[in-house]
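Scroll down for the structure; my scribbles are underneath it.
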Amino acid sequence: METVLTTHFANEQYRHADTYLQFGGYEALRKALAGPRERIVDEVKKANLRGRGGAGFPAGVKWGFLPKDLSRPRVLVINADEGEPGTFKDRQIMGKAPHLLLEGIAIASYAMSIHLSYIYIRGEFIREARIVEEAVAEAYARGFFGKNILGSGFDLEVSVHRGAGAYICGEETSLINSLEGKRGWPRIKPPFPASVGAFGLPTIVNNVETIADVPWIVTHGGEKFAALGVEKNGGTRLIGVSGPVNRPGVYELPAGVLLREIIYTHAGGLKDGRQLKAVIPGGSSTPVLRPDEIDVTYDIESMAKIGTMAGSGGVIVIPEGTCMVRALHVLMNFYAHESCGQCTPCREGTGWLSKIVGRIENGQGREGDLELVLDVCDNMMGRTICPLADAAVMPAQSFLWKFRDEFEYHIKVQKCPFGNKF
Ligand SMILES: Cc1cc2nc3c(=O)[nH]c(=O)nc-3n(C[C@H](O)[C@H](O)[C@H](O)COP(=O)(O)O)c2cc1C
């Protein structure tokens, strides 16, 4: 199977520039710098490269939103915050192949006439931040960053900025505020970052994996990348599988792989012959699926058709015997804790969801609580500055729609059918 990102992951030395260079590293940058900027943007468009941070926005289209006027400097910000529960793939890229990301940054910056780039990295990623910082220093020392890169006349400064581990700071406008030293609160859009972003400058925010795909696209061409995936969703994806499976981990697979195959073939199925009860397919905020819904290809469009998302590529496997009320309570606690508090529907709504689901779980659920949960959800969805509220609502609604009997049992019998003690 063709791989774009993980080809040399097993080689411990690959994170160092010398080894990366031995395997053809930075040749794509050389090739890119020798040609016109527009050609790179065209190839990225042809590649059908969709953002890997969650929303799946086409990267080439986003790059095209930058103003034509070059008089104001523009900024490329790499979103390395990776806060979505169940997602752990950007961390692998940064820890095992940081130069793929750095080469992608140099190429993308050249394509967009950008001379300043930040890598905003999650506070907890101490090891990865160190590796990326070392790789940035190597890239400067070898002339891939800095002034007059490879004699092309193109200049680029790259800086690593460490966050403090707040989920909200993965949202692009919040990330920009945090980068500016302000409170990590999302901004109202418009203006979109492409016109007014970091430090008031036109800014493109892209996920680590999105940008790490760029060198391969330049080397092999956009069409070849597109052909690895399905229509409208090119390339491979790094998919993290967690839960009680035989081989949890990150797998690089074509975008058109079946969700069933991800779980049963690549991750080796559930441990000890356990049965599958549910799957959260694309990170904790994506609507849950039942076992009869996993014969779906893992591309953005197919997942949307069945009412869920491939999101940030985090497949969370839930085995038979799990109390879905408790599982939802854990998720709701997370969102209540991570809401930044700026918008009332999210600040209050996530708190209420965690409280109501919590009391149902603890055998103190009241008649009407399920309607109340759904009503709270309706008053949150689409009513806030950023989609963190939606991210809490999607699991809440889908858990209730698909596993309602378990919630009703908790309320009526005041007991957990799976023997969890209150
Ligand atoms: C609450 C919240 C958290 C997010 N966290 C991340 C994150 O950790 N990493 C990421 O790449 N995108 C995250 N996003 C999506 C970003 O806002 C943005 O869409 C993404 O970085 C764009 O990059 P892409 O187009 O390459 O996917 C988050 C969005 C929301 C609403």
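So you can find residues: chains in the structure tokens are A, B, ... in the order shown, residues in each start at 1, and ligands are numbered from 1 in order.
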
- Collect all residues with atoms no farther than 6 Å from ligand 1, counting only C-alpha atoms and all ligand atoms, and output them as a list in words.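 For ligand 1, the residues inside 6 Å are Gly51, Arg52, Gly53, Gly54, Ala55, Gly56, Phe57, Ala59, Asn79, Ala80, Asp81, Glu82, Gly83, Glu84, Tyr167, Ile168, Gly170, Glu171, Glu172, Val205, Asn206, Asn207, Thr210, Cys386, Pro387 and Leu388 of chain A.
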
Just to be explicit: take each residue in the selection above, keep C-alpha atoms, and write the result as a PDB file, in the first residue's frame.
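Result file is again_6.pdb:
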```pdb
ATOM      1  CA  GLY A  51      -7.722  19.731   5.769  1.00  0.00           C
ATOM      2  CA  ARG A  52      -6.882  17.023   8.302  1.00  0.00           C
ATOM      3  CA  GLY A  53      -7.685  19.120  11.370  1.00  0.00           C
ATOM      4  CA  GLY A  54     -11.355  18.185  11.488  1.00  0.00           C
ATOM      5  CA  ALA A  55     -13.448  20.306   9.163  1.00  0.00           C
ATOM      6  CA  GLY A  56     -11.976  18.887   5.940  1.00  0.00           C
ATOM      7  CA  PHE A  57     -11.804  22.197   4.078  1.00  0.00           C
ATOM      8  CA  ALA A  59      -6.413  23.262   1.372  1.00  0.00           C
ATOM      9  CA  ASN A  79      -2.058  23.923  14.099  1.00  0.00           C
ATOM     10  CA  ALA A  80      -0.202  21.345  16.176  1.00  0.00           C
ATOM     11  CA  ASP A  81      -2.578  21.584  19.113  1.00  0.00           C
ATOM     12  CA  GLU A  82      -4.142  18.152  18.574  1.00  0.00           C
ATOM     13  CA  GLY A  83      -6.619  18.375  21.423  1.00  0.00           C
ATOM     14  CA  GLU A  84      -9.511  16.299  20.110  1.00  0.00           C
ATOM     15  CA  TYR A 167      -8.721  22.296  23.778  1.00  0.00           C
ATOM     16  CA  ILE A 168     -10.206  25.610  22.680  1.00  0.00           C
ATOM     17  CA  GLY A 170      -7.022  24.250  18.671  1.00  0.00           C
ATOM     18  CA  GLU A 171      -9.822  26.336  17.160  1.00  0.00           C
ATOM     19  CA  GLU A 172      -8.034  28.512  14.659  1.00  0.00           C
ATOM     20  CA  VAL A 205      -4.039  28.090   9.564  1.00  0.00           C
ATOM     21  CA  ASN A 206      -3.449  24.485   8.560  1.00  0.00           C
ATOM     22  CA  ASN A 207      -3.182  21.233  10.436  1.00  0.00           C
ATOM     23  CA  THR A 210      -2.303  18.721   5.882  1.00  0.00           C
ATOM     24  CA  CYS A 386     -17.024  28.721  17.494  1.00  0.00           C
ATOM     25  CA  PRO A 387     -18.178  25.127  17.100  1.00  0.00           C
ATOM     26  CA  LEU A 388     -17.065  23.859  20.534  1.00  0.00           C
TER      27      LEU A 388
END
```

- Message: Which of region 91-337 of chain A end up as strand (DSSP E or B) when DSSP is run on this backbone - answer as a ChimeraX atom specification?
- Response: /A:116-121,146,156-162,203-207,230,233,236-242,245,249-254,258,270,276-280,289,297,314-319

Distance table requested - region 290-390 of chain A against region 256-276 of chain A, cut-off 9 Å, only C-alpha atoms: one row per qualifying residue with the closest atom pair and its distance in Å to one decimal, ordered by chain and rising residue number, as JSON lines.
```
{"residue": "A:Arg290", "atom": "CA", "partner": "A:Leu276", "partner_atom": "CA", "distance": 8.4}
{"residue": "A:Pro291", "atom": "CA", "partner": "A:Leu276", "partner_atom": "CA", "distance": 6.3}
{"residue": "A:Glu293", "atom": "CA", "partner": "A:Arg260", "partner_atom": "CA", "distance": 9.0}
{"residue": "A:Ile294", "atom": "CA", "partner": "A:Arg260", "partner_atom": "CA", "distance": 5.3}
{"residue": "A:Asp295", "atom": "CA", "partner": "A:Arg260", "partner_atom": "CA", "distance": 5.7}
{"residue": "A:Val296", "atom": "CA", "partner": "A:Leu258", "partner_atom": "CA", "distance": 5.4}
{"residue": "A:Thr297", "atom": "CA", "partner": "A:Leu258", "partner_atom": "CA", "distance": 4.2}
{"residue": "A:Tyr298", "atom": "CA", "partner": "A:Gly256", "partner_atom": "CA", "distance": 5.5}
{"residue": "A:Asp299", "atom": "CA", "partner": "A:Gly256", "partner_atom": "CA", "distance": 5.6}
{"residue": "A:Ser302", "atom": "CA", "partner": "A:Gly256", "partner_atom": "CA", "distance": 9.0}
{"residue": "A:Val315", "atom": "CA", "partner": "A:Ile263", "partner_atom": "CA", "distance": 8.3}
{"residue": "A:Val317", "atom": "CA", "partner": "A:Leu276", "partner_atom": "CA", "distance": 7.4}
{"residue": "A:Ile318", "atom": "CA", "partner": "A:Leu276", "partner_atom": "CA", "distance": 6.4}
{"residue": "A:Pro319", "atom": "CA", "partner": "A:Leu276", "partner_atom": "CA", "distance": 4.7}
{"residue": "A:Glu320", "atom": "CA", "partner": "A:Gln275", "partner_atom": "CA", "distance": 5.4}
{"residue": "A:Gly321", "atom": "CA", "partner": "A:Gln275", "partner_atom": "CA", "distance": 8.8}
```

Keeping C-alpha atoms for every residue in the selection just given, could you write it to a file as a tab-separated table (two decimals), in the first residue's frame?
```
chain	number	residue	atom	x	y	z
A	290	ARG	CA	-23.64	1.50	15.78
A	291	PRO	CA	-21.99	-1.75	14.60
A	293	GLU	CA	-23.15	1.34	10.38
A	294	ILE	CA	-19.44	0.60	9.92
A	295	ASP	CA	-19.53	-0.66	6.33
A	296	VAL	CA	-18.82	2.87	5.16
A	297	THR	CA	-15.72	4.25	3.48
A	298	TYR	CA	-13.74	6.59	5.70
A	299	ASP	CA	-13.84	9.62	3.42
A	302	SER	CA	-19.35	9.10	2.75
A	315	VAL	CA	-11.49	6.08	15.73
A	317	VAL	CA	-13.78	1.66	19.60
A	318	ILE	CA	-16.39	0.98	22.31
A	319	PRO	CA	-16.90	-2.67	23.31
A	320	GLU	CA	-20.04	-4.49	24.41
A	321	GLY	CA	-20.49	-4.12	28.16
```

- Query: Could you pull out the helix (DSSP H, G or I) residues of region 51-82 of chain A from DSSP and send them as a list of chain:residue names?
  - Reply: A:Ala59, A:Gly60, A:Val61, A:Lys62, A:Trp63

Would you save the residues from that selection as a CSV table (one decimal), in the first residue's frame, using N, CA and C atoms?
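Saved the output as part04.csv:
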```
chain,number,residue,atom,x,y,z
A,59,ALA,N,-7.6,22.4,1.0
A,59,ALA,CA,-6.4,23.3,1.4
A,59,ALA,C,-6.1,24.3,0.3
A,60,GLY,N,-6.2,23.8,-1.0
A,60,GLY,CA,-5.8,24.7,-2.1
A,60,GLY,C,-6.8,25.9,-2.2
A,61,VAL,N,-8.1,25.6,-1.9
A,61,VAL,CA,-9.1,26.7,-1.9
A,61,VAL,C,-8.8,27.7,-0.8
A,62,LYS,N,-8.5,27.1,0.4
A,62,LYS,CA,-8.2,28.1,1.5
A,62,LYS,C,-7.1,29.0,1.2
A,63,TRP,N,-6.0,28.4,0.6
A,63,TRP,CA,-4.8,29.2,0.2
A,63,TRP,C,-5.2,30.3,-0.7
```

- Which residue gives the smallest distance to Ile204 (chain A) among A:Gly64, A:Gly365, A:Gly382, A:Gly229, with only C-alpha atoms counted?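 Of all the options, A:Gly64 lies closest to Ile204 (chain A).
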
- Query: So, counting only C-alpha atoms, which residue among A:Leu101, A:Ala194, A:Ser285, A:Met380 is closest to Glu348 (chain A)?
  - Reply: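 Counting only C-alpha atoms, the residue closest to Glu348 (chain A) is A:Met380.
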
- Query: Looking at A:Gly200, A:Pro395, A:Pro98, A:Gly311, which one is nearest to Cys377 (chain A), with distances taken over only C-alpha atoms?
  - Reply: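 Checking each of A:Gly200, A:Pro395, A:Pro98, A:Gly311 against Cys377 (chain A), counting only C-alpha atoms, the winner is A:Pro395.
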
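You can rank A:Pro85, A:Gly184, A:Gly221, A:Pro202 by their closest distance to Lys68 (chain A) using only C-alpha atoms, and at the top of that list sits A:Pro202.
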
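Comparing the minimum interatomic distances between Ser312 (chain A) and each of A:Tyr20, A:Phe125, A:Phe88, A:Tyr26, counting only C-alpha atoms, we find that A:Phe88 sits nearest.
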